[in-house]
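In what follows, a structure is listed as structure tokens, so that the remarks can point back to it.
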Amino acid sequence: WGGLMGNNGEQDPEEILRGFSKKFREKEDKYKAVIEKLSRLNQELVLAKNKNTMQIETLRKEMVRMEGALDQKMKQLERAKVENKEHIARQAQLKIRHADQLKHKEKQAAAVSERNEKERANRRAQIVKLMEDINIKSSTIAELEGKVQGL
């Protein structure tokens, strides 16, 4: 506070008050600027939070949709497995029946044999196709499971 001394070596009270007032205003301006900056940052954080909340909700909806699709694929796979088992059982029954027919109908053996071979080839192709379908569905399910786990 150099130069603020009065006649008797004492500080002038008005000069002291002006000095304090000036410093107070400077500090007050700094605090106001900090408060405004913090307020702006807080608003940005609220906006970011709202955006993130919306993204989370969107991801939750997508996850529910994917879970539904996964459930549907699992049901399709189960149906395909049951159908495949039934098909294999029917094929086994047909083989037994055809064997019995071959024993009783020697005259038609050549025709029955040729027809059976065609049916077997057809069934093998169907089984291969069903197995490929099952593999494709299993792969799709695995991918969906990976995506669900990634979420």
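Chains: A, B, ... in order of the structure tokens. Residues: from 1 per chain. Ligands: from 1, in order shown.
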
Open item on the list: Show me, as a list in words, the residues that have an atom within 9 Å of range 117-133 of chain A when counting only C-alpha atoms, minus same-chain residues fewer than 2 positions from it.
Closed with: Ala80, Asn84, His87, Ile88, Gln91, Val112, Ser113, Glu114, Arg115, Asn135, Ile136, Lys137 and Ser138 of chain A

Open item on the list: Env of Lys61 in chain A: 12 Å cut, atoms = only C-alpha atoms, seq-sep filter 6 positions within chain, self excluded. Answer as number ranges by chain.
Closed with: A: 54-55, 67-68, 148, 151

Task: For CA of Leu59 in chain A and CA of Gly150 in chain A, the interatomic separation in Å (one decimal) - done: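 CA of Gly150 in chain A lies 11.3 Å from CA of Leu59 in chain A.
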